[in-house]
$ cat final22.txt   # compact mmCIF, C-alpha atoms
# COMPACT_ATOMS: atom_id res chain seq x y z
CA MET A 1 -24.09 -36.62 -20.26
CA PRO A 2 -21.82 -34.25 -22.17
CA GLU A 3 -20.84 -32.21 -19.07
CA GLN A 4 -19.19 -35.19 -17.42
CA SER A 5 -15.60 -35.82 -18.41
CA PRO A 6 -14.63 -39.45 -18.93
CA PRO A 7 -12.97 -40.92 -15.83
CA THR A 8 -10.17 -42.25 -18.02
CA ALA A 9 -9.02 -38.75 -19.08
CA PRO A 10 -5.32 -38.35 -18.27
CA PRO A 11 -4.93 -36.06 -15.25
CA ARG A 12 -3.35 -32.77 -16.28
CA ARG A 13 -1.47 -31.65 -13.19
CA ARG A 14 -1.39 -28.00 -12.14
CA GLY A 15 -0.11 -26.23 -9.06
CA ARG A 16 1.49 -28.52 -6.51
CA PRO A 17 -0.12 -31.94 -6.92
CA ARG A 18 0.20 -34.23 -3.94
CA ARG A 19 1.97 -37.53 -4.33
CA GLY A 20 -0.49 -40.30 -5.04
CA SER A 21 -3.23 -37.93 -6.17
CA THR A 22 -5.52 -39.66 -8.65
CA GLY A 23 -8.31 -37.09 -9.00
CA SER A 24 -9.27 -35.63 -12.33
CA THR A 25 -8.28 -32.18 -13.47
CA ASP A 26 -11.98 -31.33 -13.56
CA SER A 27 -12.53 -31.88 -9.82
CA ARG A 28 -9.41 -29.93 -9.00
CA ALA A 29 -10.35 -27.00 -11.22
CA GLN A 30 -13.91 -27.08 -9.91
CA ILE A 31 -12.68 -26.94 -6.32
CA LEU A 32 -10.38 -23.98 -7.10
CA ALA A 33 -13.23 -22.11 -8.83
CA SER A 34 -15.51 -22.85 -5.88
CA ALA A 35 -12.85 -21.67 -3.44
CA ILE A 36 -12.55 -18.34 -5.25
CA GLU A 37 -16.35 -17.99 -5.13
CA GLU A 38 -16.55 -18.87 -1.44
CA PHE A 39 -13.65 -16.62 -0.36
CA GLY A 40 -15.11 -13.77 -2.41
CA ALA A 41 -18.58 -14.22 -0.95
CA LEU A 42 -17.78 -14.94 2.71
CA GLY A 43 -14.30 -13.52 3.27
CA TYR A 44 -11.36 -15.49 4.59
CA ASP A 45 -12.79 -16.05 8.06
CA GLY A 46 -16.26 -16.97 6.83
CA ALA A 47 -15.18 -19.41 4.13
CA THR A 48 -14.99 -23.10 5.10
CA ILE A 49 -13.60 -26.19 3.43
CA ARG A 50 -17.05 -27.75 3.87
CA GLY A 51 -18.72 -24.81 2.09
CA ILE A 52 -16.22 -24.96 -0.75
CA ALA A 53 -16.76 -28.73 -1.10
CA LEU A 54 -20.54 -28.16 -1.24
CA ARG A 55 -20.18 -25.55 -3.98
CA ALA A 56 -17.90 -27.89 -5.94
CA GLY A 57 -20.19 -30.89 -5.45
CA VAL A 58 -17.41 -32.99 -3.90
CA ASP A 59 -16.59 -34.37 -0.47
CA SER A 60 -14.63 -32.22 2.02
CA ALA A 61 -12.03 -34.98 2.24
CA LEU A 62 -11.25 -34.54 -1.46
CA VAL A 63 -10.62 -30.81 -0.93
CA HIS A 64 -8.21 -31.59 1.93
CA HIS A 65 -6.61 -34.33 -0.17
CA TYR A 66 -5.89 -32.00 -3.08
CA PHE A 67 -5.13 -28.78 -1.25
CA GLY A 68 -4.42 -29.38 2.45
CA THR A 69 -5.60 -26.68 4.87
CA LYS A 70 -7.80 -23.65 4.25
CA ALA A 71 -4.64 -21.51 4.23
CA ASP A 72 -3.06 -23.81 1.63
CA LEU A 73 -6.18 -23.65 -0.54
CA PHE A 74 -6.36 -19.86 -0.24
CA ALA A 75 -2.67 -19.48 -1.19
CA GLU A 76 -3.20 -21.77 -4.19
CA SER A 77 -6.42 -20.07 -5.32
CA VAL A 78 -4.82 -16.60 -5.35
CA GLY A 79 -1.53 -17.90 -6.77
CA ALA A 80 0.53 -16.68 -3.80
CA PRO A 81 4.26 -16.84 -4.66
CA ILE A 82 5.34 -17.22 -1.01
CA ARG A 83 3.88 -18.61 2.20
CA PRO A 84 4.79 -16.18 4.99
CA ASP A 85 2.23 -17.91 7.22
CA LEU A 86 4.40 -21.06 7.17
CA GLU A 87 7.76 -19.27 7.37
CA VAL A 88 6.75 -17.19 10.39
CA ARG A 89 6.77 -20.30 12.57
CA THR A 90 10.47 -20.77 11.89
CA LEU A 91 11.19 -17.10 12.62
CA LEU A 92 9.25 -17.20 15.88
CA ALA A 93 11.15 -20.31 16.96
CA GLY A 94 14.50 -18.51 16.54
CA PRO A 95 16.27 -16.20 19.01
CA ARG A 96 13.77 -13.66 20.35
CA ALA A 97 16.37 -10.89 20.47
CA GLU A 98 16.86 -11.19 16.69
CA LEU A 99 13.18 -11.43 15.77
CA GLY A 100 12.92 -7.93 14.27
CA ALA A 101 16.00 -8.29 12.11
CA SER A 102 15.12 -11.81 11.01
CA ILE A 103 11.60 -10.81 9.92
CA VAL A 104 12.92 -7.88 7.86
CA ARG A 105 15.66 -10.04 6.33
CA TYR A 106 13.23 -12.83 5.45
CA ILE A 107 10.83 -10.38 3.75
CA LEU A 108 13.56 -8.63 1.77
CA GLU A 109 15.44 -11.77 0.71
CA THR A 110 12.18 -13.33 -0.47
CA TRP A 111 10.99 -10.26 -2.37
CA GLU A 112 14.38 -9.81 -4.02
CA ARG A 113 13.66 -12.99 -6.00
CA PRO A 114 12.36 -11.79 -9.39
CA ASP A 115 9.54 -14.38 -9.54
CA VAL A 116 8.26 -13.42 -6.10
CA ARG A 117 8.59 -9.71 -6.72
CA LYS A 118 6.79 -9.80 -10.06
CA ARG A 119 3.90 -11.93 -8.86
CA GLY A 120 3.84 -10.21 -5.46
CA VAL A 121 3.47 -6.73 -6.95
CA VAL A 122 0.61 -7.87 -9.19
CA MET A 123 -1.13 -9.52 -6.24
CA LEU A 124 -0.60 -6.58 -3.92
CA ARG A 125 -2.01 -4.17 -6.51
CA ALA A 126 -5.04 -6.37 -7.04
CA ALA A 127 -5.56 -6.90 -3.31
CA LEU A 128 -5.33 -3.24 -2.36
CA GLY A 129 -7.33 -2.12 -5.37
CA SER A 130 -10.77 -3.50 -4.57
CA ARG A 131 -13.36 -3.53 -1.81
CA VAL A 132 -13.65 -7.31 -2.10
CA THR A 133 -10.02 -8.34 -2.18
CA ALA A 134 -8.65 -5.93 0.43
CA PRO A 135 -10.73 -7.49 3.27
CA LEU A 136 -9.78 -10.91 1.95
CA LEU A 137 -6.07 -10.13 2.27
CA ALA A 138 -6.68 -8.56 5.69
CA GLY A 139 -8.57 -11.68 6.83
CA PHE A 140 -5.81 -14.02 5.69
CA LEU A 141 -3.06 -11.88 7.23
CA SER A 142 -4.90 -11.51 10.56
CA LYS A 143 -5.76 -15.17 10.92
CA GLU A 144 -2.72 -16.93 9.51
CA LEU A 145 0.14 -14.49 10.03
CA LEU A 146 -0.58 -11.85 12.69
CA GLY A 147 -2.59 -14.20 14.91
CA PRO A 148 0.27 -16.70 15.32
CA ILE A 149 2.76 -13.86 15.91
CA ALA A 150 0.50 -12.38 18.59
CA ALA A 151 -0.04 -15.79 20.19
CA ALA A 152 3.71 -16.43 20.38
CA LEU A 153 4.47 -13.11 22.09
CA GLU A 154 4.12 -13.02 25.83
CA VAL A 155 3.48 -9.31 26.05
CA PRO A 156 0.42 -7.07 26.46
CA ASP A 157 -1.36 -5.76 23.34
CA ALA A 158 0.08 -8.55 21.24
CA GLU A 159 -2.47 -8.05 18.45
CA LEU A 160 -1.69 -4.36 18.07
CA ARG A 161 2.04 -5.17 18.11
CA ALA A 162 1.58 -7.67 15.29
CA ALA A 163 -0.51 -5.16 13.31
CA LEU A 164 2.12 -2.42 13.78
CA THR A 165 4.67 -4.86 12.42
CA ALA A 166 2.43 -5.46 9.41
CA SER A 167 2.20 -1.69 8.88
CA GLN A 168 5.98 -1.27 8.68
CA ILE A 169 6.58 -4.41 6.63
CA GLY A 170 3.73 -3.57 4.28
CA GLY A 171 5.01 -0.02 3.90
CA LEU A 172 8.51 -1.32 3.18
CA ILE A 173 7.18 -3.61 0.44
CA VAL A 174 5.03 -0.87 -1.10
CA THR A 175 7.73 1.84 -1.08
CA ARG A 176 10.55 -0.45 -2.28
CA TYR A 177 8.77 -2.66 -4.81
CA VAL A 178 5.60 -0.83 -5.91
CA LEU A 179 6.30 2.90 -5.63
CA LYS A 180 10.07 2.32 -5.93
CA LEU A 181 11.02 5.46 -4.00
CA ASP A 182 14.65 6.03 -4.99
CA ALA A 183 16.38 6.02 -1.63
CA ILE A 184 14.59 2.92 -0.34
CA ALA A 185 14.60 1.00 -3.65
CA SER A 186 18.38 1.45 -3.98
CA ALA A 187 19.29 0.65 -0.36
CA SER A 188 20.99 -2.68 0.37
CA VAL A 189 19.19 -5.47 2.19
CA ASP A 190 21.72 -5.23 5.04
CA ASP A 191 21.18 -1.49 5.43
CA LEU A 192 17.40 -1.91 5.55
CA VAL A 193 17.70 -4.74 8.08
CA ASP A 194 19.85 -2.45 10.27
CA ARG A 195 17.39 0.44 10.00
CA ILE A 196 14.02 -1.33 10.15
CA GLY A 197 14.92 -4.37 12.27
CA PRO A 198 14.98 -2.32 15.51
CA THR A 199 11.53 -0.90 14.69
CA ILE A 200 10.03 -4.38 14.41
CA GLN A 201 11.94 -5.53 17.50
CA ARG A 202 10.51 -2.63 19.49
CA TYR A 203 6.97 -3.15 18.22
CA LEU A 204 7.02 -6.84 19.07
CA THR A 205 8.99 -7.07 22.29
CA GLU A 206 9.60 -3.79 24.10
CA GLU A 207 7.65 -3.23 27.29
CA MET B 1 -17.38 28.96 -34.66
CA PRO B 2 -19.40 26.55 -32.53
CA GLU B 3 -16.40 25.28 -30.52
CA GLN B 4 -15.63 28.68 -29.07
CA SER B 5 -17.57 29.66 -25.98
CA PRO B 6 -18.82 33.25 -25.92
CA PRO B 7 -16.55 35.49 -23.86
CA THR B 8 -19.58 36.78 -22.01
CA ALA B 9 -20.46 33.33 -20.57
CA PRO B 10 -20.54 33.54 -16.77
CA PRO B 11 -17.46 31.83 -15.36
CA ARG B 12 -18.38 28.62 -13.55
CA ARG B 13 -15.84 28.36 -10.74
CA ARG B 14 -14.35 25.05 -9.70
CA GLY B 15 -11.63 24.11 -7.25
CA ARG B 16 -10.00 27.04 -5.56
CA PRO B 17 -10.36 30.02 -7.87
CA ARG B 18 -7.91 32.83 -7.30
CA ARG B 19 -9.20 36.23 -6.41
CA GLY B 20 -9.51 38.44 -9.46
CA SER B 21 -9.50 35.50 -11.88
CA THR B 22 -11.36 36.39 -15.01
CA GLY B 23 -10.51 33.42 -17.26
CA SER B 24 -13.14 31.25 -18.86
CA THR B 25 -14.08 27.82 -17.62
CA ASP B 26 -12.88 26.48 -20.96
CA SER B 27 -9.28 27.60 -20.49
CA ARG B 28 -9.25 26.27 -16.97
CA ALA B 29 -10.65 22.89 -17.97
CA GLN B 30 -8.27 22.73 -20.93
CA ILE B 31 -5.29 23.41 -18.68
CA LEU B 32 -6.37 20.69 -16.24
CA ALA B 33 -6.83 18.18 -19.08
CA SER B 34 -3.42 19.12 -20.47
CA ALA B 35 -1.84 18.77 -17.03
CA ILE B 36 -3.21 15.24 -16.70
CA GLU B 37 -1.80 14.42 -20.15
CA GLU B 38 1.61 15.93 -19.39
CA PHE B 39 1.97 14.33 -15.93
CA GLY B 40 0.89 10.96 -17.38
CA ALA B 41 3.33 11.21 -20.29
CA LEU B 42 6.40 12.67 -18.58
CA GLY B 43 5.99 11.86 -14.90
CA TYR B 44 6.00 14.41 -12.10
CA ASP B 45 9.64 15.40 -12.51
CA GLY B 46 9.50 15.61 -16.30
CA ALA B 47 6.31 17.64 -16.54
CA THR B 48 6.67 21.43 -16.75
CA ILE B 49 4.24 24.33 -16.51
CA ARG B 50 5.58 25.46 -19.88
CA GLY B 51 4.85 22.06 -21.46
CA ILE B 52 1.35 22.03 -19.99
CA ALA B 53 0.70 25.55 -21.29
CA LEU B 54 1.88 24.49 -24.76
CA ARG B 55 -0.48 21.48 -24.77
CA ALA B 56 -3.37 23.70 -23.65
CA GLY B 57 -2.54 26.43 -26.20
CA VAL B 58 -2.28 29.11 -23.52
CA ASP B 59 0.48 31.20 -21.99
CA SER B 60 2.47 29.82 -19.01
CA ALA B 61 1.46 32.89 -17.02
CA LEU B 62 -2.20 31.89 -17.30
CA VAL B 63 -1.41 28.43 -15.87
CA HIS B 64 0.39 30.02 -12.90
CA HIS B 65 -2.44 32.53 -12.53
CA TYR B 66 -5.11 29.82 -12.27
CA PHE B 67 -3.20 27.11 -10.44
CA GLY B 68 -0.07 28.47 -8.78
CA THR B 69 2.95 26.13 -8.67
CA LYS B 70 3.47 22.78 -10.37
CA ALA B 71 2.71 21.09 -7.03
CA ASP B 72 -0.55 23.08 -6.75
CA LEU B 73 -1.55 22.11 -10.29
CA PHE B 74 -0.71 18.45 -9.67
CA ALA B 75 -2.74 18.39 -6.45
CA GLU B 76 -5.68 20.01 -8.25
CA SER B 77 -5.48 17.73 -11.29
CA VAL B 78 -5.58 14.55 -9.19
CA GLY B 79 -8.14 15.99 -6.74
CA ALA B 80 -5.87 15.61 -3.71
CA PRO B 81 -7.91 16.10 -0.51
CA ILE B 82 -4.90 17.28 1.52
CA ARG B 83 -1.60 19.03 0.88
CA PRO B 84 1.03 17.29 3.01
CA ASP B 85 3.73 19.06 0.98
CA LEU B 86 2.56 22.40 2.40
CA GLU B 87 1.88 21.13 5.92
CA VAL B 88 5.29 19.52 6.28
CA ARG B 89 6.93 22.95 6.40
CA THR B 90 5.01 23.77 9.58
CA LEU B 91 5.94 20.43 11.13
CA LEU B 92 9.63 20.85 10.28
CA ALA B 93 9.62 24.34 11.83
CA GLY B 94 8.35 22.93 15.17
CA PRO B 95 10.42 21.37 17.99
CA ARG B 96 12.82 18.82 16.51
CA ALA B 97 12.42 16.47 19.49
CA GLU B 98 8.70 16.15 18.76
CA LEU B 99 9.01 15.73 14.99
CA GLY B 100 8.14 12.01 14.92
CA ALA B 101 5.07 12.37 17.10
CA SER B 102 3.87 15.49 15.30
CA ILE B 103 4.13 13.86 11.85
CA VAL B 104 2.16 10.80 13.00
CA ARG B 105 -0.46 12.98 14.70
CA TYR B 106 -0.86 15.22 11.66
CA ILE B 107 -1.34 12.22 9.35
CA LEU B 108 -3.86 10.51 11.62
CA GLU B 109 -5.87 13.61 12.49
CA THR B 110 -6.12 14.49 8.81
CA TRP B 111 -7.10 11.00 7.67
CA GLU B 112 -9.71 10.69 10.44
CA ARG B 113 -11.75 13.34 8.59
CA PRO B 114 -14.33 11.38 6.57
CA ASP B 115 -13.89 13.50 3.42
CA VAL B 116 -10.12 13.05 3.42
CA ARG B 117 -10.32 9.35 4.23
CA LYS B 118 -12.87 8.58 1.51
CA ARG B 119 -11.07 10.51 -1.22
CA GLY B 120 -7.66 9.43 0.06
CA VAL B 121 -8.47 5.73 -0.11
CA VAL B 122 -9.79 6.06 -3.67
CA MET B 123 -6.66 7.97 -4.70
CA LEU B 124 -4.29 5.60 -2.98
CA ARG B 125 -5.94 2.59 -4.64
CA ALA B 126 -5.72 4.25 -8.04
CA ALA B 127 -2.14 5.38 -7.49
CA LEU B 128 -0.84 2.00 -6.32
CA GLY B 129 -2.85 0.11 -8.91
CA SER B 130 -1.16 1.15 -12.13
CA ARG B 131 2.26 1.37 -13.74
CA VAL B 132 1.57 4.94 -14.78
CA THR B 133 0.17 6.41 -11.57
CA ALA B 134 2.50 4.71 -9.07
CA PRO B 135 5.62 6.47 -10.46
CA LEU B 136 3.62 9.70 -10.59
CA LEU B 137 2.82 9.48 -6.88
CA ALA B 138 6.42 8.50 -6.13
CA GLY B 139 7.68 11.49 -8.13
CA PHE B 140 5.43 13.92 -6.32
CA LEU B 141 6.25 12.48 -2.88
CA SER B 142 10.00 12.49 -3.54
CA LYS B 143 10.15 16.01 -4.90
CA GLU B 144 7.60 17.86 -2.79
CA LEU B 145 7.49 15.95 0.50
CA LEU B 146 10.55 13.78 1.09
CA GLY B 147 12.97 16.21 -0.56
CA PRO B 148 12.09 19.08 1.79
CA ILE B 149 12.21 16.76 4.82
CA ALA B 150 15.65 15.50 3.78
CA ALA B 151 16.86 19.05 3.15
CA ALA B 152 15.75 20.19 6.60
CA LEU B 153 17.53 17.36 8.43
CA GLU B 154 21.16 17.90 9.26
CA VAL B 155 22.06 14.24 9.42
CA PRO B 156 23.74 11.74 7.08
CA ASP B 157 21.59 9.67 4.71
CA ALA B 158 18.79 12.20 4.89
CA GLU B 159 17.08 10.87 1.76
CA LEU B 160 16.96 7.31 3.04
CA ARG B 161 15.66 8.59 6.39
CA ALA B 162 12.84 10.46 4.66
CA ALA B 163 12.00 7.38 2.56
CA LEU B 164 11.94 5.14 5.66
CA THR B 165 9.51 7.62 7.19
CA ALA B 166 7.35 7.35 4.08
CA SER B 167 7.43 3.56 4.39
CA GLN B 168 6.06 3.58 7.94
CA ILE B 169 3.53 6.37 7.33
CA GLY B 170 2.38 4.74 4.08
CA GLY B 171 2.07 1.38 5.82
CA LEU B 172 0.08 2.98 8.64
CA ILE B 173 -2.36 4.53 6.17
CA VAL B 174 -2.73 1.30 4.19
CA THR B 175 -3.24 -0.98 7.21
CA ARG B 176 -5.59 1.39 9.07
CA TYR B 177 -7.67 2.87 6.24
CA VAL B 178 -7.42 0.48 3.27
CA LEU B 179 -6.89 -3.03 4.69
CA LYS B 180 -8.49 -2.03 8.03
CA LEU B 181 -6.57 -4.60 10.08
CA ASP B 182 -8.62 -4.87 13.27
CA ALA B 183 -6.04 -4.03 15.90
CA ILE B 184 -4.65 -1.01 14.06
CA ALA B 185 -8.00 0.26 12.72
CA SER B 186 -9.50 0.26 16.23
CA ALA B 187 -6.50 1.81 18.03
CA SER B 188 -6.81 5.42 19.23
CA VAL B 189 -4.88 8.24 17.58
CA ASP B 190 -3.02 8.84 20.86
CA ASP B 191 -1.99 5.20 21.15
CA LEU B 192 -0.69 5.14 17.58
CA VAL B 193 1.21 8.40 18.10
CA ASP B 194 2.84 6.84 21.19
CA ARG B 195 3.79 3.66 19.34
CA ILE B 196 4.80 4.96 15.91
CA GLY B 197 6.07 8.44 16.83
CA PRO B 198 9.37 7.05 18.25
CA THR B 199 9.91 5.06 15.03
CA ILE B 200 9.69 8.20 12.90
CA GLN B 201 11.79 10.13 15.41
CA ARG B 202 14.49 7.48 15.20
CA TYR B 203 14.41 7.29 11.40
CA LEU B 204 14.70 11.05 11.06
CA THR B 205 17.03 12.13 13.83
CA GLU B 206 18.95 9.32 15.55
CA GLU B 207 22.64 9.07 14.76
$ encode --input "final22.txt" --output "structure tokens"
Amino acid sequence: MPEQSPPTAPPRRRGRPRRGSTGSTDSRAQILASAIEEFGALGYDGATIRGIALRAGVDSALVHHYFGTKADLFAESVGAPIRPDLEVRTLLAGPRAELGASIVRYILETWERPDVRKRGVVMLRAALGSRVTAPLLAGFLSKELLGPIAAALEVPDAELRAALTASQIGGLIVTRYVLKLDAIASASVDDLVDRIGPTIQRYLTEE
Amino acid sequence: MPEQSPPTAPPRRRGRPRRGSTGSTDSRAQILASAIEEFGALGYDGATIRGIALRAGVDSALVHHYFGTKADLFAESVGAPIRPDLEVRTLLAGPRAELGASIVRYILETWERPDVRKRGVVMLRAALGSRVTAPLLAGFLSKELLGPIAAALEVPDAELRAALTASQIGGLIVTRYVLKLDAIASASVDDLVDRIGPTIQRYLTEE
């Protein structure tokens, strides 16, 4: 049985191993490879932990054990440098009158970190560049980021409001960090929060 | 002399030939190839009609004769489906109080055309996807689109205002036509003009 790795092989940890994890590197790598296959084939919405476990030939519980939720597994499988889907809960729990400014500040302060910016630009280019990955990013954003924002707002057209927010935030990231348009790439974080914060505030809360 | 095409060969017209043009297809194709080389090597700002003519082994006057300005030649060499740099002059000459709405409406009505949308998405993907083409797009936008907008505004920070406009318009195009986020892809043009027009108006004109 040459394909089977010996169960005594020392586990080589990658990513963010959970405390107490005892699984082999092989199962972990196989699950990640299966996740990439499943997300690519079925999109973010269509993919399931059960389907990924089936492809990997392991139990669903092992997938949850190693990787947590579907969002966690997706973030790990694409190597996401930040988790805006987790952070947005904190922002939504803060003062509603400062929501626009706090979203813009969170995005900018995160992307100013060189590790996030470098990896983020590579990911964004890859995601926008293909017919497979663009819907995948859209599916993740809609389900895990814009959906919760829309659900937290008690206003009409919440989904469109969340999507408008994504359009301005996405455009900010692209013009500042990918295209690097002079005036916006050289502006201070505070200045951009002052200018763009009211836009997001209006999109999300104004009647 | 097998490389030289006979001067009596019937000219095969491509693009937008100028009335009275008598040049050969070879010169035209050579100029376009040289333009792509020059823009790629020196960026939009650095490239010159003179440099392109030198690369092509023709006179600068012939480049102007076939292609017009540097902006015209750039648009032709990348196969741009629209010329926002020309259209923006009309928009800036209209009522200042309607500038935001008219910019958003122009962008959406243009991109709703299937030919523009199809070619535009391919171009945008290519432009954002590489370290060479992203600065090229940024250079063209800054010089030919954002520069004239900034020059026409009689307000402080005109360059940042124009760049903020680019961030929201770019984000609108990416979320509606590339990522196709449900809520924004299914919204009507009128609804998006109502929602995003005031953002652009504020970026460009509010003190």
$ closest_residue --input "final22.txt" --among "A:Leu108, A:Gly43, A:Ala35, A:Val174" --to "B:Gly129" --atoms "only C-alpha atoms"
A:Val174
$ residues_around --input "final22.txt" --residues "A:Ala166" --least-positions-apart "5" --cutoff "10 Å" --atoms "all atoms listed in the file" --output "PDB file with C-alpha atoms, keeping the file's coordinate frame"
ATOM      1  CA  LEU A 141      -3.060 -11.880   7.230  1.00  0.00           C
ATOM      2  CA  SER A 142      -4.900 -11.510  10.560  1.00  0.00           C
ATOM      3  CA  LEU A 145       0.140 -14.490  10.030  1.00  0.00           C
ATOM      4  CA  LEU A 146      -0.580 -11.850  12.690  1.00  0.00           C
ATOM      5  CA  LEU A 160      -1.690  -4.360  18.070  1.00  0.00           C
ATOM      6  CA  ARG A 161       2.040  -5.170  18.110  1.00  0.00           C
ATOM      7  CA  GLY A 171       5.010  -0.020   3.900  1.00  0.00           C
ATOM      8  CA  LEU A 172       8.510  -1.320   3.180  1.00  0.00           C
ATOM      9  CA  ILE A 200      10.030  -4.380  14.410  1.00  0.00           C
TER      10      ILE A 200
ATOM     11  CA  GLN B 168       6.060   3.580   7.940  1.00  0.00           C
ATOM     12  CA  GLY B 171       2.070   1.380   5.820  1.00  0.00           C
ATOM     13  CA  LEU B 172       0.080   2.980   8.640  1.00  0.00           C
ATOM     14  CA  VAL B 174      -2.730   1.300   4.190  1.00  0.00           C
ATOM     15  CA  THR B 175      -3.240  -0.980   7.210  1.00  0.00           C
ATOM     16  CA  LEU B 181      -6.570  -4.600  10.080  1.00  0.00           C
ATOM     17  CA  ILE B 184      -4.650  -1.010  14.060  1.00  0.00           C
TER      18      ILE B 184
END
$ axis_aligned_box --input "final22.txt" --around "stretch 174-178 of chain A" --padding-each-side "5 Å" --output "lines of an AutoDock Vina configuration file"
center_x = 7.8
center_y = -0.4
center_z = -3.5
size_x = 15.5
size_y = 14.5
size_z = 14.8
$ atom_distance --input "final22.txt" --atom1 "atom CA of A:His64" --atom2 "atom CA of A:Gly40"
19.6 Å
$ closest_atom_pairs --input "final22.txt" --of "chain B" --to "chain A" --cutoff "10 Å" --atoms "only C-alpha atoms" --output "Markdown table"
| residue | atom | partner | partner_atom | distance |
| --- | --- | --- | --- | --- |
| B:Val121 | CA | A:Gly129 | CA | 9.5 |
| B:Val122 | CA | A:Gly129 | CA | 8.7 |
| B:Leu124 | CA | A:Gly129 | CA | 8.6 |
| B:Arg125 | CA | A:Gly129 | CA | 5.0 |
| B:Ala126 | CA | A:Gly129 | CA | 7.1 |
| B:Ala127 | CA | A:Leu179 | CA | 9.0 |
| B:Leu128 | CA | A:Arg125 | CA | 6.3 |
| B:Gly129 | CA | A:Arg125 | CA | 5.0 |
| B:Ser130 | CA | A:Arg125 | CA | 7.8 |
| B:Arg131 | CA | A:Val178 | CA | 8.8 |
| B:Thr133 | CA | A:Leu179 | CA | 9.2 |
| B:Ala134 | CA | A:Leu179 | CA | 5.4 |
| B:Pro135 | CA | A:Leu179 | CA | 6.0 |
| B:Leu136 | CA | A:Leu179 | CA | 8.8 |
| B:Leu137 | CA | A:Leu179 | CA | 7.5 |
| B:Ala138 | CA | A:Leu179 | CA | 5.6 |
| B:Gly139 | CA | A:Leu181 | CA | 8.0 |
| B:Leu141 | CA | A:Leu181 | CA | 8.6 |
| B:Ser142 | CA | A:Leu181 | CA | 7.1 |
| B:Leu146 | CA | A:Leu181 | CA | 9.8 |
| B:Asp157 | CA | A:Ala183 | CA | 9.0 |
| B:Ala158 | CA | A:Ala183 | CA | 9.3 |
| B:Glu159 | CA | A:Ala183 | CA | 6.0 |
| B:Leu160 | CA | A:Ala183 | CA | 4.9 |
| B:Arg161 | CA | A:Ala183 | CA | 8.5 |
| B:Ala162 | CA | A:Ala183 | CA | 8.5 |
| B:Ala163 | CA | A:Ile184 | CA | 5.9 |
| B:Leu164 | CA | A:Ile184 | CA | 6.9 |
| B:Thr165 | CA | A:Gly171 | CA | 9.5 |
| B:Ala166 | CA | A:Thr175 | CA | 7.6 |
| B:Ser167 | CA | A:Gly171 | CA | 4.3 |
| B:Gln168 | CA | A:Gln168 | CA | 4.9 |
| B:Ile169 | CA | A:Gly171 | CA | 7.4 |
| B:Gly170 | CA | A:Gly171 | CA | 5.4 |
| B:Gly171 | CA | A:Gly171 | CA | 3.8 |
| B:Leu172 | CA | A:Ser167 | CA | 5.1 |
| B:Ile173 | CA | A:Ser167 | CA | 8.2 |
| B:Val174 | CA | A:Ser167 | CA | 7.4 |
| B:Thr175 | CA | A:Ser167 | CA | 5.7 |
| B:Arg176 | CA | A:Ser167 | CA | 8.4 |
| B:Val178 | CA | A:Leu128 | CA | 7.1 |
| B:Leu179 | CA | A:Ala134 | CA | 5.4 |
| B:Lys180 | CA | A:Ala138 | CA | 7.2 |
| B:Leu181 | CA | A:Ala138 | CA | 5.9 |
| B:Asp182 | CA | A:Ser142 | CA | 8.1 |
| B:Ala183 | CA | A:Leu160 | CA | 4.9 |
| B:Ile184 | CA | A:Ala163 | CA | 5.9 |
| B:Ala185 | CA | A:Ala163 | CA | 9.3 |
| B:Ser186 | CA | A:Leu160 | CA | 9.3 |
| B:Ala187 | CA | A:Leu160 | CA | 7.8 |
| B:Leu192 | CA | A:Leu164 | CA | 8.9 |
| B:Arg195 | CA | A:Tyr203 | CA | 7.6 |
| B:Ile196 | CA | A:Leu164 | CA | 8.1 |
| B:Pro198 | CA | A:Thr199 | CA | 9.0 |
| B:Thr199 | CA | A:Thr199 | CA | 6.2 |
| B:Ile200 | CA | A:Thr199 | CA | 9.5 |
| B:Arg202 | CA | A:Thr199 | CA | 8.9 |
| B:Tyr203 | CA | A:Arg195 | CA | 7.6 |
$ atom_distance --input "final22.txt" --atom1 "atom CA of A:Val104" --atom2 "atom CA of B:Ile103"
23.8 Å
$ closest_residue --input "final22.txt" --among "A:Ala33, A:Ala53, A:Leu73, A:Leu204" --to "A:Val155" --atoms "only C-alpha atoms"
A:Leu204
$ residues_around --input "final22.txt" --residues "B:Phe39" --least-positions-apart "3" --cutoff "10 Å" --atoms "only C-alpha atoms" --output "mmCIF file with C-alpha atoms, keeping the file's coordinate frame"
data_model
loop_
_atom_site.group_PDB
_atom_site.id
_atom_site.type_symbol
_atom_site.label_atom_id
_atom_site.label_comp_id
_atom_site.auth_asym_id
_atom_site.auth_seq_id
_atom_site.Cartn_x
_atom_site.Cartn_y
_atom_site.Cartn_z
ATOM 1 C CA SER B 34 -3.420 19.120 -20.470
ATOM 2 C CA ALA B 35 -1.840 18.770 -17.030
ATOM 3 C CA ILE B 36 -3.210 15.240 -16.700
ATOM 4 C CA LEU B 42 6.400 12.670 -18.580
ATOM 5 C CA GLY B 43 5.990 11.860 -14.900
ATOM 6 C CA TYR B 44 6.000 14.410 -12.100
ATOM 7 C CA ASP B 45 9.640 15.400 -12.510
ATOM 8 C CA GLY B 46 9.500 15.610 -16.300
ATOM 9 C CA ALA B 47 6.310 17.640 -16.540
ATOM 10 C CA THR B 48 6.670 21.430 -16.750
ATOM 11 C CA GLY B 51 4.850 22.060 -21.460
ATOM 12 C CA ILE B 52 1.350 22.030 -19.990
ATOM 13 C CA PHE B 74 -0.710 18.450 -9.670
ATOM 14 C CA SER B 77 -5.480 17.730 -11.290
ATOM 15 C CA VAL B 132 1.570 4.940 -14.780
ATOM 16 C CA THR B 133 0.170 6.410 -11.570
ATOM 17 C CA LEU B 136 3.620 9.700 -10.590
#
